[in-house]
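Enquirer: So here's query_32.txt (compact mmCIF, C-alpha atoms).
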# COMPACT_ATOMS: atom_id res chain seq x y z
CA MET Y 1 -8.86 20.60 -9.95
CA SER Y 2 -12.21 20.98 -8.15
CA PHE Y 3 -13.66 18.09 -10.18
CA LEU Y 4 -11.72 15.69 -7.92
CA GLY Y 5 -14.02 16.69 -5.08
CA TYR Y 6 -11.59 16.97 -2.16
CA GLU Y 7 -12.58 20.42 -0.92
CA ASN Y 8 -13.28 20.23 2.84
CA LYS Y 9 -13.11 16.42 2.80
CA ARG Y 10 -11.56 14.78 5.89
CA VAL Y 11 -8.84 12.40 4.84
CA ILE Y 12 -6.18 10.32 6.59
CA VAL Y 13 -2.74 9.71 5.09
CA SER Y 14 -0.44 7.18 6.74
CA GLY Y 15 3.25 7.39 5.91
CA CYS Y 16 3.00 11.16 5.40
CA TYR Y 17 6.56 11.89 6.56
CA SER Y 18 8.28 11.14 3.24
CA GLY Y 19 8.04 9.58 -0.21
CA MET Y 20 4.70 8.81 -1.80
CA GLY Y 21 2.82 9.52 1.43
CA ALA Y 22 4.30 12.99 1.77
CA ALA Y 23 3.58 13.74 -1.90
CA THR Y 24 0.01 12.53 -1.45
CA ALA Y 25 -0.60 14.60 1.68
CA LYS Y 26 0.90 17.71 0.08
CA ALA Y 27 -1.26 17.38 -3.04
CA LEU Y 28 -4.40 16.79 -0.96
CA LEU Y 29 -3.72 19.97 1.03
CA GLU Y 30 -3.44 21.86 -2.25
CA LEU Y 31 -6.78 20.36 -3.30
CA GLY Y 32 -8.47 21.77 -0.20
CA ALA Y 33 -8.75 18.62 1.89
CA GLU Y 34 -8.56 18.48 5.68
CA VAL Y 35 -5.56 16.16 5.99
CA HIS Y 36 -4.81 14.12 9.11
CA GLY Y 37 -1.37 12.53 9.00
CA LEU Y 38 0.08 9.44 10.62
CA ASP Y 39 3.70 8.28 10.68
CA PHE Y 40 6.53 7.19 12.97
CA LYS Y 41 8.35 10.48 12.25
CA GLU Y 42 6.97 14.00 12.55
CA SER Y 43 5.72 15.59 9.33
CA ASP Y 44 6.57 19.22 8.53
CA LEU Y 45 3.42 19.70 6.43
CA ASN Y 46 0.65 22.04 7.60
CA LEU Y 47 -1.74 19.23 8.50
CA ALA Y 48 -5.06 19.46 10.33
CA SER Y 49 -3.53 16.99 12.80
CA PHE Y 50 -0.56 14.68 13.06
CA ASN Y 51 -0.20 11.62 15.26
CA LEU Y 52 2.83 9.45 15.78
CA VAL Y 53 1.91 5.84 15.10
CA ASP Y 54 3.75 2.53 15.02
CA LEU Y 55 1.99 0.05 12.72
CA ARG Y 56 3.79 -2.74 14.57
CA ASP Y 57 1.71 -1.88 17.64
CA PRO Y 58 -2.09 -2.17 17.43
CA ALA Y 59 -2.55 -0.07 20.60
CA SER Y 60 -0.64 2.76 18.91
CA ILE Y 61 -2.92 2.49 15.89
CA ASP Y 62 -6.07 2.48 18.00
CA ALA Y 63 -4.95 5.56 19.95
CA ALA Y 64 -4.12 7.53 16.80
CA ILE Y 65 -7.43 6.82 15.08
CA ALA Y 66 -9.34 7.63 18.28
CA LYS Y 67 -7.64 11.04 18.39
CA ILE Y 68 -8.70 11.80 14.80
CA GLY Y 69 -12.30 10.61 15.32
CA GLY Y 70 -15.18 12.15 13.40
CA LYS Y 71 -16.20 11.39 9.83
CA VAL Y 72 -13.49 10.18 7.44
CA ASP Y 73 -14.08 10.56 3.70
CA ALA Y 74 -10.91 8.90 2.40
CA LEU Y 75 -8.05 6.79 3.72
CA PHE Y 76 -4.66 6.66 2.03
CA ASN Y 77 -2.52 3.73 3.26
CA CYS Y 78 0.95 4.87 2.19
CA ALA Y 79 3.19 3.63 5.02
CA GLY Y 80 5.59 0.79 4.27
CA LEU Y 81 8.92 -0.88 4.94
CA PRO Y 82 11.42 -2.29 2.40
CA GLN Y 83 12.83 -5.81 2.32
CA THR Y 84 15.94 -4.72 4.24
CA ALA Y 85 13.89 -4.43 7.45
CA PRO Y 86 13.23 -7.54 9.58
CA ALA Y 87 10.71 -9.74 7.79
CA MET Y 88 8.13 -9.75 10.57
CA ASP Y 89 8.32 -5.95 10.89
CA VAL Y 90 7.73 -5.73 7.14
CA MET Y 91 4.64 -7.91 7.45
CA LYS Y 92 3.33 -5.88 10.40
CA VAL Y 93 3.75 -2.49 8.72
CA ASN Y 94 2.94 -3.35 5.10
CA PHE Y 95 -0.08 -5.49 5.77
CA ILE Y 96 -1.09 -6.60 9.28
CA GLY Y 97 -0.96 -3.13 10.86
CA MET Y 98 -2.35 -1.52 7.72
CA ARG Y 99 -5.35 -3.87 7.77
CA HIS Y 100 -5.91 -3.23 11.48
CA MET Y 101 -5.81 0.53 10.94
CA THR Y 102 -8.26 0.32 8.06
CA GLU Y 103 -10.61 -1.71 10.23
CA GLN Y 104 -10.45 1.04 12.87
CA VAL Y 105 -11.21 3.74 10.29
CA LEU Y 106 -14.09 1.92 8.56
CA PRO Y 107 -16.65 2.71 11.30
CA LEU Y 108 -15.90 6.40 10.68
CA MET Y 109 -16.72 6.06 6.98
CA SER Y 110 -20.07 6.30 5.22
CA GLU Y 111 -21.43 5.98 1.70
CA GLY Y 112 -19.17 7.75 -0.78
CA SER Y 113 -15.97 7.13 1.18
CA ALA Y 114 -12.94 5.42 -0.34
CA ILE Y 115 -9.74 3.60 0.62
CA VAL Y 116 -6.55 3.15 -1.36
CA THR Y 117 -3.40 1.25 -0.38
CA ILE Y 118 0.07 1.19 -1.91
CA SER Y 119 1.13 -2.31 -2.92
CA SER Y 120 4.05 -2.77 -5.35
CA ASN Y 121 4.89 -4.47 -8.61
CA GLY Y 122 6.96 -6.61 -6.25
CA GLY Y 123 3.59 -8.13 -5.34
CA MET Y 124 2.49 -8.78 -8.92
CA SER Y 125 2.52 -12.56 -8.45
CA TYR Y 126 -0.63 -12.40 -6.33
CA PRO Y 127 -2.93 -13.99 -9.00
CA ARG Y 128 -0.92 -17.23 -8.72
CA LYS Y 129 -1.22 -17.28 -4.93
CA MET Y 130 -4.88 -16.54 -4.33
CA GLU Y 131 -5.48 -19.77 -2.41
CA LEU Y 132 -2.45 -19.26 -0.15
CA HIS Y 133 -3.39 -15.68 0.63
CA GLY Y 134 -6.96 -16.77 1.23
CA GLN Y 135 -5.63 -19.03 3.97
CA PHE Y 136 -3.61 -16.16 5.43
CA LEU Y 137 -6.42 -13.61 5.25
CA ALA Y 138 -8.83 -15.98 6.98
CA ASN Y 139 -6.89 -15.15 10.15
CA GLN Y 140 -8.88 -12.18 11.42
CA GLY Y 141 -7.30 -9.71 13.82
CA TYR Y 142 -3.75 -8.51 14.38
CA GLU Y 143 -2.54 -11.32 16.64
CA ALA Y 144 -4.01 -14.16 14.57
CA ALA Y 145 -2.44 -12.81 11.38
CA LEU Y 146 0.89 -12.37 13.13
CA LYS Y 147 0.81 -15.94 14.46
CA TRP Y 148 0.13 -17.31 10.96
CA CYS Y 149 3.15 -15.42 9.66
CA GLU Y 150 5.36 -16.68 12.47
CA ASP Y 151 4.18 -20.26 11.85
CA HIS Y 152 4.91 -19.97 8.11
CA LYS Y 153 7.88 -17.60 8.04
CA ASP Y 154 10.37 -20.16 6.73
CA GLU Y 155 7.96 -21.38 4.07
CA HIS Y 156 6.30 -18.21 2.75
CA ILE Y 157 7.45 -15.02 4.46
CA LYS Y 158 11.25 -14.98 3.90
CA GLU Y 159 12.04 -11.26 3.42
CA GLY Y 160 8.38 -10.37 3.94
CA TYR Y 161 8.16 -7.70 1.27
CA SER Y 162 6.72 -9.61 -1.69
CA PHE Y 163 4.28 -11.59 0.45
CA SER Y 164 3.04 -8.44 2.21
CA LYS Y 165 2.46 -6.65 -1.07
CA GLU Y 166 0.69 -9.66 -2.57
CA ALA Y 167 -1.52 -9.75 0.52
CA VAL Y 168 -2.47 -6.10 -0.03
CA CYS Y 169 -3.72 -6.94 -3.53
CA VAL Y 170 -5.67 -10.06 -2.55
CA TRP Y 171 -7.20 -8.38 0.51
CA THR Y 172 -8.26 -5.41 -1.64
CA LEU Y 173 -9.99 -7.72 -4.11
CA MET Y 174 -11.68 -9.66 -1.31
CA MET Y 175 -12.90 -6.54 0.50
CA ALA Y 176 -14.23 -4.66 -2.54
CA PRO Y 177 -17.47 -6.64 -3.06
CA LYS Y 178 -18.26 -6.43 0.68
CA LEU Y 179 -17.57 -2.73 1.14
CA ILE Y 180 -19.30 -1.55 -2.02
CA LYS Y 181 -22.60 -2.72 -0.47
CA GLN Y 182 -22.01 0.06 2.07
CA GLY Y 183 -21.09 2.51 -0.68
CA ILE Y 184 -17.40 2.39 0.27
CA ARG Y 185 -14.78 1.77 -2.42
CA ILE Y 186 -11.36 0.16 -1.98
CA ASN Y 187 -8.47 -0.06 -4.43
CA CYS Y 188 -4.70 -0.46 -4.44
CA THR Y 189 -1.82 0.55 -6.69
CA LEU Y 190 1.23 -1.40 -7.80
CA PRO Y 191 3.97 1.21 -8.25
CA GLY Y 192 7.07 0.56 -10.30
CA PRO Y 193 10.47 1.73 -8.98
CA THR Y 194 9.97 5.20 -7.50
CA GLN Y 195 12.64 7.70 -6.48
CA THR Y 196 11.91 8.00 -2.77
CA PRO Y 197 14.20 7.73 0.30
CA MET Y 198 13.21 4.04 0.46
CA MET Y 199 14.85 3.43 -2.92
CA ASN Y 200 18.26 3.39 -1.23
CA HIS Y 201 17.18 0.22 0.57
CA PHE Y 202 16.00 -1.43 -2.64
CA GLU Y 203 19.32 -0.55 -4.29
CA ALA Y 204 21.23 -2.09 -1.38
CA ALA Y 205 19.25 -5.33 -1.53
CA THR Y 206 18.65 -5.76 -5.27
CA ASP Y 207 20.92 -6.36 -8.24
CA ASP Y 208 21.08 -3.30 -10.50
CA LYS Y 209 20.10 -5.40 -13.52
CA VAL Y 210 16.90 -6.39 -11.75
CA LEU Y 211 16.04 -2.78 -10.89
CA LYS Y 212 16.63 -1.80 -14.51
CA THR Y 213 14.32 -4.61 -15.61
CA PHE Y 214 11.42 -3.01 -13.75
CA ILE Y 215 11.81 0.42 -15.38
CA GLN Y 216 11.10 -0.99 -18.82
CA PRO Y 217 9.71 0.19 -21.20
CA ILE Y 218 9.61 3.79 -19.97
CA GLY Y 219 13.31 3.81 -19.07
CA ARG Y 220 13.12 5.85 -15.86
CA ARG Y 221 11.89 5.70 -12.29
CA SER Y 222 8.63 7.26 -11.22
CA THR Y 223 8.46 10.36 -9.07
CA PRO Y 224 6.51 10.30 -5.78
CA GLU Y 225 4.15 12.89 -7.27
CA GLU Y 226 3.26 10.55 -10.16
CA GLN Y 227 2.36 7.82 -7.71
CA ALA Y 228 0.41 10.26 -5.53
CA ALA Y 229 -1.67 11.31 -8.54
CA ALA Y 230 -2.91 7.75 -9.06
CA LEU Y 231 -3.77 7.36 -5.37
CA ILE Y 232 -5.62 10.66 -5.30
CA PHE Y 233 -7.61 9.83 -8.42
CA LEU Y 234 -8.69 6.41 -7.13
CA ASN Y 235 -10.13 7.98 -3.96
CA SER Y 236 -11.70 10.91 -5.82
CA ALA Y 237 -15.31 11.62 -6.76
CA PRO Y 238 -14.77 10.96 -10.51
CA ALA Y 239 -13.64 7.41 -9.67
CA SER Y 240 -16.99 6.61 -8.03
CA TYR Y 241 -17.52 3.40 -10.07
CA MET Y 242 -13.99 2.07 -9.59
CA SER Y 243 -13.52 -0.51 -6.85
CA GLY Y 244 -11.48 -3.68 -6.44
CA LEU Y 245 -8.64 -2.52 -8.67
CA ALA Y 246 -5.03 -3.58 -8.26
CA LEU Y 247 -3.78 -0.85 -10.58
CA PRO Y 248 -0.26 -0.98 -12.06
CA VAL Y 249 1.38 2.45 -11.98
CA ASP Y 250 4.61 1.32 -13.59
CA GLY Y 251 5.19 3.09 -16.90
CA GLY Y 252 3.91 0.12 -18.89
CA PHE Y 253 6.07 -2.60 -17.32
CA MET Y 254 3.27 -5.05 -16.57
CA ALA Y 255 1.74 -4.53 -19.99
CA GLY Y 256 5.12 -5.13 -21.59
CA MET Y 257 5.68 -8.23 -19.50
CA MET Y 258 2.30 -9.73 -20.41
CA THR Y 259 2.85 -9.11 -24.12
CA GLY Y 260 6.50 -10.13 -24.28
CA GLN Y 261 7.79 -6.63 -24.97
CA VAL Y 262 10.24 -6.31 -22.06
CA ASP Y 263 13.47 -8.18 -21.40
CA LEU Y 264 13.02 -10.42 -18.36
CA SER Y 265 16.38 -12.19 -18.63
CA ALA Y 266 17.65 -10.67 -15.37
CA LEU Y 267 14.64 -12.07 -13.52
CA ALA Y 268 14.96 -15.45 -15.23
CA ALA Y 269 18.58 -15.68 -14.08
CA MET Y 270 17.39 -15.32 -10.47
CA ALA Y 271 14.74 -18.02 -10.70
CA PRO Y 272 15.48 -21.19 -8.71
CA LYS Y 273 16.66 -24.11 -10.81
CA SER Y 274 14.22 -27.03 -10.87
Turn this file's structure into structure tokens for me.
Expert:
Amino acid sequence: MSFLGYENKRVIVSGCYSGMGAATAKALLELGAEVHGLDFKESDLNLASFNLVDLRDPASIDAAIAKIGGKVDALFNCAGLPQTAPAMDVMKVNFIGMRHMTEQVLPLMSEGSAIVTISSNGGMSYPRKMELHGQFLANQGYEAALKWCEDHKDEHIKEGYSFSKEAVCVWTLMMAPKLIKQGIRINCTLPGPTQTPMMNHFEAATDDKVLKTFIQPIGRRSTPEEQAAALIFLNSAPASYMSGLALPVDGGFMAGMMTGQVDLSALAAMAPKS
């Protein structure tokens, strides 16, 4: 797998304790990368370094990135919270803290570096909300973004999950034309349902018919390793002309939805009546 170009590259993986982040970190180690992990729980992987970090706390983020220091060739933003967590915590971890951490890493990056972030097909409505997210993203800095969310929590945030994942997509698209001028690429993925420890939370909060809707047409959930493969490719050397992608990694669900080949009746039943 040397064509991916990770040998001796310094990379950071947030959310490396479990799920997609752990699968990503493990695969990168196997590819010869120098992997620096971040999470709120200790990883048991043989990492070059590990730092505890709380994405709800910008000082914690700053301290962790300062400890890693040096040149960074790739950043994998894999940390996240489900919709069962408090809405403002979800916003902090899934987007506000992630953005702040990326901004701290960017000065350590140079031409040829790359960033990838996990969004979700739960954020697939982002094209219809570009103006709204533009208003949100105009709030630069951790505290300003948090204040906007607090001011609009009853109107837009609600459980936090969908809005945070939409924000990841819109922010990725907005950042790509700016960063590519520095030779830095940025992309995100929209995973379908994936069998990770977090799935228990989705099952607790979501009707089974809805979860089954999102595994069409492939008929099964993804593995963390399948999601890690997409993340690793997007940050790899062969993907050098790929930037600004919000890439579905969902077994064909979005394609089926756009072409009328999946049954969306369970989602239609949940839609508010006009």
Enquirer: Up to 9 Å from (4.7, -13.6, -13.7) in the file's coordinates: name the residues, counting all atoms listed in the file, as a PyMOL selection string.
Expert: chain Y and resi 124-125+127-128+257-258
Enquirer: Pick from Y:Lys129, Y:Val116, Y:Cys78, Y:Cys149: nearest to Met20 of chain Y, with all atoms listed in the file counted?
Expert: Y:Cys78
Enquirer: Give me, as CSV, the closest atom pair and its distance (Å, one decimal) for every residue of segment 171-230 of chain Y within a cut-off of 10 Å of segment 259-269 of chain Y, counting all atoms listed in the file, rows sorted by chain and rising number.
Expert:
residue,atom,partner,partner_atom,distance
Y:Asp207,CA,Y:Ala266,CA,9.0
Y:Asp208,CA,Y:Ala266,CA,9.5
Y:Lys209,CA,Y:Ala266,CA,6.1
Y:Val210,CA,Y:Ala266,CA,5.7
Y:Leu211,CA,Y:Ala266,CA,9.2
Y:Lys212,CA,Y:Ala266,CA,9.0
Y:Thr213,CA,Y:Leu264,CA,6.6
Y:Phe214,CA,Y:Leu264,CA,8.9
Y:Ile215,CA,Y:Val262,CA,9.6
Y:Gln216,CA,Y:Val262,CA,6.3
Y:Pro217,CA,Y:Val262,CA,6.6
Enquirer: Have a look at Y:Leu190, Y:Ile118, Y:Phe163, Y:Lys92 and name the one nearest to Ala144 of chain Y; count all atoms listed in the file.
Expert: Y:Lys92
Enquirer: List as a ChimeraX atom specification the protein and nucleic acid residues near Lys67 of chain Y, meaning an atom at most 10 Å away when all atoms listed in the file are counted, but skip any in the same chain fewer than 2 places from it.
Expert: /Y:49-51,62-65,69-70
Enquirer: Within 9 Å of Thr102 of chain Y, counting only C-alpha atoms, which residues qualify if same-chain residues fewer than 6 places away don't, as a PyMOL selection string?
Expert: chain Y and resi 75+77+115
Enquirer: Which is closer to Ser43 of chain Y than all the others in Y:Val13, Y:Val72, Y:Ala167, Y:Leu245, using all atoms listed in the file?
Expert: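 Answer, going by the shortest atom-to-atom distance: Y:Val13.
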Enquirer: One number please: atom CA of Ala237 of chain Y to atom CA of Asn187 of chain Y, in Å, one decimal.
Expert: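 That distance, rounded to one decimal, is 13.7 Å.
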Enquirer: When you count all atoms listed in the file, which of these residues is closest to Ala229 of chain Y: Y:Ile68, Y:Leu106, Y:Met199, Y:Val249?
Expert: Y:Val249
